[in-house]
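Q: Pasting a structure here, questions to come.
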Number of protein chains: 2
Amino acid sequence: MGRPLVTTYAADLASIRAAAKRIAGKAHRTPALTCATLDGMAGRSLFFKCESFQKVGAFKFRGALNAVLSLPEARAANGVITHSSGNHAQAVALAARMRGIPAYIVMPENSPAVKRRAVEGYGGKITLCKPDVADREATADRVREDTGATLVHPHDDPDVIAGQGTVALELHEQVPRLDAVVAPVGGGGLLSGVALATRELSPSTRVFAGEPTGADDAARSKAAGRFLPQTAPDTIADGLLTSLGEHTWPVIRDLVEEVITVDDDATVQAMRLIWERMKLVVEPSAAVALAAVLSGRFRTLRGIERVGVVLSGGNLDLGHLPWKTG
Amino acid sequence: MGRPLVTTYAADLASIRAAAKRIAGKAHRTPALTCATLDGMAGRSLFFKCESFQKVGAFKFRGALNAVLSLPEARAANGVITHSSGNHAQAVALAARMRGIPAYIVMPENSPAVKRRAVEGYGGKITLCKPDVADREATADRVREDTGATLVHPHDDPDVIAGQGTVALELHEQVPRLDAVVAPVGGGGLLSGVALATRELSPSTRVFAGEPTGADDAARSKAAGRFLPQTAPDTIADGLLTSLGEHTWPVIRDLVEEVITVDDDATVQAMRLIWERMKLVVEPSAAVALAAVLSGRFRTLRGIERVGVVLSGGNLDLGHLPWKTG
């Protein structure tokens, strides 16, 4: 990788601090929890940043809220739009409701009813599209033209990245002298925000990612030295299906030491450990970070004693768990 | 009920403060968490004291540790004994290991393997007995004679009650001016500790209990004005099967305003709400307290705005959940 190829990234400590100020009192300052049993299993001291306790149940609310609150009044009045069926959709809907502007959410027509209800519960206006990228984008463009709403991208947006960076801002305050931080990577909004906050706040802290083997574009891109988008993702970690973007890829290329891939079995095992030992409901995507920490690869790394682990969210269908029940 | 019939109970603020000092740094000071959605459903401000995050996953560790640490050196050397297959057994085993003394645990031979392993994992020495009260007590007596170990009763013990009272000591510090506290009741160790701490620390705070309709000896005893033990308990809240004891009944008779009974459907619904909305893994017994708060009866009570709710524990088999999965 050599030296960073660009010196200007989508966000920096100043924009992350501005985001923190903007969302203060509206987003939760989530706790950093510990677990002696998991420390023993990892052979290290782990500090879990619990974004599962964030509003809408995931870190996504930070970035969405920062983006919504950053809009100038005139543009904000027309509302915001996004295409997502996951946590970002709920996050945008709630953020818009807090600002008192409309949120237009484009969702595939095969989205589970529970996800639609969640978005509607936060006041989002849903437009259904066919479950393919082309129709999703065409539908979003049409709604945008009709309404004048501003797109809030799930990850490839400087305001969103700065918002997600507040996770690390808090974590470094709560837990000083971390040797490493590990976050899951999908589109890379969280990971790049964490990396950008960390390099200025705590430059000696090494940044790692956990990524599903079935959606490993970040790992492959890092290995190739160029952005290789995801084509056919297949993983239980449904929050990590997307590819990196223009804003997130350079940060991850330059500032993330290594992307550690984990298979779904390891993710499910890590998820069950978090439920059983920490008594926390987290979604599979969140467990990917612990799975990376417990991987053989991470164990071989030296000089890492204190590790921050970002538990990204806790939204899942409790009627469909990824282990045998009955 | 009129005036209290006795003026000396098993514990008081002094003994609860002494317990807090004894267990400080060894037991966790658990957080008090809030949830806007559940506030909305209850029509009140709820503060959840999360004993699911306590060591061994339940408040039981406080009382067991206080009892184990209170033993004089000479008696302690022979170890401690208890008969339990649940959280108290693990709590006694861990507390004894922390003091460096043996823990003898008498468990029914039909106890699930997972519970045996948990006790053994904390270094407890298990003696199996037949699954009836007579053989359980005979076995415990025999082990006690053989070893000279001291019995640590699950609830009917002043040191255990004082230890459980530290839950309320912390809660009143963390959340001042509570109008009410609601705790689940089984044997009554937690409830009486909470009531005894509250009456001195925050006398205007009203104390309530949640109890399963299928194990409602506390409610029936309160109604009759005399202790009526449980005969054939039947409830999903497996931590609340036992009857009140000599030490806990007078406290509950005099200092608990009302025992609110809830059926298992209400408990399961409350449990799922805590998992879905708060992202916390809690066991059915813990959910009984929220079920009571959400009951029609509790809603009719006036002058109650701020409510402490004790989430007593988070231990359950994640492979057997009380709702449809697949």
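Residues in the structure tokens are named by chain (A, B, ... in the order shown) and by number from 1 within that chain; ligands are numbered from 1 in the order shown.
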Taking only residues of region 146-235 of chain B that have an atom at most 12 Å from an atom of region 15-18 of chain B, what is each one's shortest atom pair and its distance in Å to one decimal, using only C-alpha atoms, in chain and number order, as a tab-separated table?

A:
residue	atom	partner	partner_atom	distance
B:Pro158	CA	B:Ser15	CA	8.9
B:Asp159	CA	B:Ser15	CA	8.1
B:Val160	CA	B:Ile16	CA	9.8
B:Ile161	CA	B:Ile16	CA	8.3
B:Ala162	CA	B:Ile16	CA	4.6
B:Gly163	CA	B:Ile16	CA	6.3
B:Gln164	CA	B:Ile16	CA	8.2
B:Gly165	CA	B:Ile16	CA	5.8
B:Thr166	CA	B:Ile16	CA	6.0
B:Val167	CA	B:Ile16	CA	9.6
B:Ala168	CA	B:Ile16	CA	9.5
B:Leu169	CA	B:Arg17	CA	7.8
B:Glu170	CA	B:Arg17	CA	10.3
B:Ser192	CA	B:Ile16	CA	11.4
B:Gly193	CA	B:Ile16	CA	8.0
B:Val194	CA	B:Ile16	CA	9.7
B:Ala195	CA	B:Ile16	CA	11.3
B:Leu196	CA	B:Ile16	CA	8.6
B:Ala197	CA	B:Ile16	CA	7.0
B:Thr198	CA	B:Ile16	CA	10.7
B:Glu200	CA	B:Ile16	CA	10.8
B:Leu201	CA	B:Arg17	CA	10.8

Q: Quick one: residues within 12 Å of Pro212 (chain A), only C-alpha atoms, excluding same-chain residues fewer than 2 positions away - as JSON, numbers by chain?

A: {"A": [184, 185, 186, 209, 210, 214, 215, 216, 217, 218, 219, 220, 230, 233, 234, 235, 236, 237, 238, 239, 240, 241, 242, 259, 260, 261, 262, 263, 264, 265, 266, 267, 268, 284, 285, 286, 287, 288, 289, 290, 291, 292]}

Q: Using only C-alpha atoms, what table do you get, as a Markdown table, when you list each residue of chain B with an atom no more than 10 Å from chain A, its nearest pair of atoms, and their distance in Å rounded to one decimal, rows by chain then rising number?

A:
| residue | atom | partner | partner_atom | distance |
| --- | --- | --- | --- | --- |
| B:Pro31 | CA | A:Pro31 | CA | 9.6 |
| B:Leu33 | CA | A:Phe53 | CA | 9.7 |
| B:Thr34 | CA | A:Phe53 | CA | 9.9 |
| B:Cys35 | CA | A:Phe53 | CA | 9.3 |
| B:Ala36 | CA | A:Lys55 | CA | 9.4 |
| B:Cys50 | CA | A:Lys279 | CA | 10.0 |
| B:Ser52 | CA | A:Lys279 | CA | 6.6 |
| B:Phe53 | CA | A:Lys279 | CA | 6.8 |
| B:Gln54 | CA | A:Met278 | CA | 9.7 |
| B:Lys55 | CA | A:Ala36 | CA | 9.4 |
| B:Val56 | CA | A:Arg277 | CA | 9.0 |
| B:Gly57 | CA | A:Lys279 | CA | 7.8 |
| B:Arg272 | CA | A:Leu318 | CA | 8.2 |
| B:Ile274 | CA | A:Val281 | CA | 9.8 |
| B:Trp275 | CA | A:Val281 | CA | 6.6 |
| B:Glu276 | CA | A:Leu318 | CA | 7.5 |
| B:Arg277 | CA | A:Gly57 | CA | 8.1 |
| B:Met278 | CA | A:Phe53 | CA | 7.0 |
| B:Lys279 | CA | A:Val281 | CA | 4.6 |
| B:Leu280 | CA | A:Leu280 | CA | 4.9 |
| B:Val281 | CA | A:Lys279 | CA | 4.7 |
| B:Val282 | CA | A:Lys279 | CA | 7.1 |
| B:Glu283 | CA | A:Lys279 | CA | 9.8 |
| B:Gly313 | CA | A:Lys279 | CA | 9.1 |
| B:Gly314 | CA | A:Lys279 | CA | 6.2 |
| B:Asn315 | CA | A:Glu276 | CA | 7.6 |
| B:Leu316 | CA | A:Glu276 | CA | 8.3 |
| B:Asp317 | CA | A:Glu276 | CA | 8.6 |
| B:Leu318 | CA | A:Thr325 | CA | 7.4 |
| B:Gly319 | CA | A:Thr325 | CA | 4.3 |
| B:His320 | CA | A:Gly326 | CA | 5.2 |
| B:Leu321 | CA | A:Gly326 | CA | 7.0 |
| B:Pro322 | CA | A:Gly326 | CA | 8.7 |
| B:Trp323 | CA | A:Gly319 | CA | 7.3 |
| B:Lys324 | CA | A:Gly319 | CA | 6.0 |
| B:Thr325 | CA | A:Gly319 | CA | 4.3 |
| B:Gly326 | CA | A:His320 | CA | 5.2 |

Q: Write out as a short mmCIF file (atom, residue, chain, number, x, y, z; two decimals) with all heavy atoms, in the first residue's frame each polymer residue whose atoms come within 10 Å of Gly303 (chain A), counting only C-alpha atoms; drop sequence neighbours fewer than 3 positions from it.

A:
data_model
loop_
_atom_site.label_atom_id
_atom_site.label_comp_id
_atom_site.auth_asym_id
_atom_site.auth_seq_id
_atom_site.Cartn_x
_atom_site.Cartn_y
_atom_site.Cartn_z
N ASP A 179 -5.18 -0.37 21.78
CA ASP A 179 -4.16 -0.78 20.81
C ASP A 179 -4.77 -1.02 19.43
O ASP A 179 -4.07 -0.92 18.42
CB ASP A 179 -3.47 -2.05 21.31
CG ASP A 179 -2.79 -1.84 22.65
OD1 ASP A 179 -2.01 -0.87 22.77
OD2 ASP A 179 -3.07 -2.62 23.58
N ALA A 180 -6.03 -1.38 19.41
CA ALA A 180 -6.70 -1.66 18.14
C ALA A 180 -8.20 -1.39 18.26
O ALA A 180 -8.76 -1.45 19.36
CB ALA A 180 -6.48 -3.11 17.72
N THR A 300 -2.66 -14.03 15.82
CA THR A 300 -1.22 -14.02 15.54
C THR A 300 -0.62 -12.63 15.66
O THR A 300 0.60 -12.49 15.68
CB THR A 300 -0.92 -14.52 14.10
OG1 THR A 300 -1.48 -13.58 13.16
CG2 THR A 300 -1.51 -15.90 13.86
N ARG A 306 -5.35 -4.13 24.26
CA ARG A 306 -6.66 -3.51 24.50
C ARG A 306 -7.35 -3.25 23.16
O ARG A 306 -6.84 -2.49 22.33
CB ARG A 306 -6.48 -2.19 25.25
CG ARG A 306 -6.01 -2.38 26.71
CD ARG A 306 -5.38 -1.12 27.27
NE ARG A 306 -6.29 0.03 27.31
CZ ARG A 306 -7.20 0.21 28.27
NH1 ARG A 306 -7.34 -0.66 29.23
NH2 ARG A 306 -7.96 1.28 28.27
#

Q: I need the residues in region 41-280 of chain B that are alpha helix (DSSP H) according to DSSP; give them as a PyMOL selection string.

A: chain B and resi 41-42+60-70+73-76+87-99+113-121+133-147+158-174+189-201+217-224+248-255+264-273

Q: CA of Val68 (chain B) and CA of Gly188 (chain B), how far apart in Å?

A: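 Going from CA of Gly188 (chain B) over to CA of Val68 (chain B), I get 19.3 Å.
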
Q: Using only C-alpha atoms, which protein or nucleic acid residues come within 8 Å of Pro229 (chain B)? Drop anything in the same chain fewer than 5 positions from it, and give the result as number ranges by chain.

A: B: 217, 221, 243-244

Q: What does the distance from CA of Gly225 (chain A) to CA of Thr213 (chain A) come to in Å, to one decimal?

A: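 According to the coordinates, CA of Gly225 (chain A) and CA of Thr213 (chain A) are separated by 18.2 Å.
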
Q: DSSP on the backbone: what in region 115-319 of chain B comes out strand (DSSP E or B), as a ChimeraX atom specification?

A: /B:125-129,150-151,180-184,206-212,258-262,280,306-311,313

Q: So that I can check the surroundings of region 73-90 of chain B, please list as a ChimeraX atom specification every protein, DNA and RNA residue that reaches within 9 Å of it, counting only C-alpha atoms and ignoring chain neighbours fewer than 4 positions away.

A: /B:56-61,63-64,68-69,94-96,99-108,111-112,115-116,118-122,124,136-137,140,143-144,147-154,238-239,313,315

Q: Those same residues - C-alpha atoms - I'd like them written as a compact mmCIF listing (two decimals), in the first residue's frame.

A:
# COMPACT_ATOMS: atom_id res chain seq x y z
CA VAL B 56 -23.22 -15.22 36.64
CA GLY B 57 -25.95 -13.29 34.80
CA ALA B 58 -28.26 -12.60 37.76
CA PHE B 59 -28.69 -10.58 40.98
CA LYS B 60 -28.20 -13.83 42.92
CA PHE B 61 -24.46 -13.25 42.91
CA GLY B 63 -26.49 -12.19 48.05
CA ALA B 64 -24.37 -15.31 47.64
CA VAL B 68 -19.83 -16.22 51.61
CA LEU B 69 -17.70 -13.21 52.52
CA LEU B 94 -18.35 -18.43 41.96
CA ALA B 95 -18.49 -16.62 45.30
CA ALA B 96 -16.78 -19.58 47.00
CA ARG B 99 -12.89 -16.71 48.55
CA GLY B 100 -10.89 -19.85 47.83
CA ILE B 101 -13.19 -22.27 49.65
CA PRO B 102 -15.15 -25.30 48.40
CA ALA B 103 -18.76 -25.03 47.21
CA TYR B 104 -20.98 -28.11 47.41
CA ILE B 105 -24.03 -27.94 45.19
CA VAL B 106 -26.89 -30.42 45.53
CA MET B 107 -28.79 -30.65 42.24
CA PRO B 108 -31.67 -32.87 41.09
CA SER B 111 -31.10 -31.00 35.90
CA PRO B 112 -30.15 -30.00 32.36
CA LYS B 115 -26.76 -26.09 34.25
CA ARG B 116 -24.42 -28.72 35.64
CA ALA B 118 -22.18 -23.94 34.41
CA VAL B 119 -21.79 -24.85 38.10
CA GLU B 120 -18.73 -26.99 37.37
CA GLY B 121 -17.32 -24.17 35.28
CA TYR B 122 -17.29 -22.03 38.43
CA GLY B 124 -18.68 -26.12 42.25
CA ARG B 136 -32.85 -32.93 48.19
CA GLU B 137 -32.85 -31.92 51.84
CA ALA B 140 -27.86 -31.67 51.55
CA VAL B 143 -23.09 -33.53 52.56
CA ARG B 144 -23.19 -30.89 55.27
CA THR B 147 -17.95 -31.67 55.16
CA GLY B 148 -18.94 -29.19 57.84
CA ALA B 149 -19.96 -26.79 55.07
CA THR B 150 -22.30 -23.89 55.86
CA LEU B 151 -25.65 -23.66 54.09
CA VAL B 152 -26.22 -20.57 51.94
CA HIS B 153 -29.97 -20.48 51.45
CA PRO B 154 -31.21 -19.06 48.13
CA ASP B 238 -38.44 -20.83 36.38
CA GLY B 239 -36.64 -18.53 38.78
CA GLY B 313 -31.30 -12.02 35.25
CA ASN B 315 -29.82 -16.89 31.94

Q: At a cut-off of 9 Å, using only C-alpha atoms, what residues contact Glu109 (chain B)? Leave out same-chain residues fewer than 4 positions from it and give the result as a PyMOL selection string.

A: chain B and resi 127-131

Q: For Val133 (chain A), which of A:Thr231, A:Gly25, A:Arg206, A:Val92 is the closest residue, counting only C-alpha atoms?

A: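 Once distances to Val133 (chain A) are computed over only C-alpha atoms, the minimum belongs to A:Thr231.
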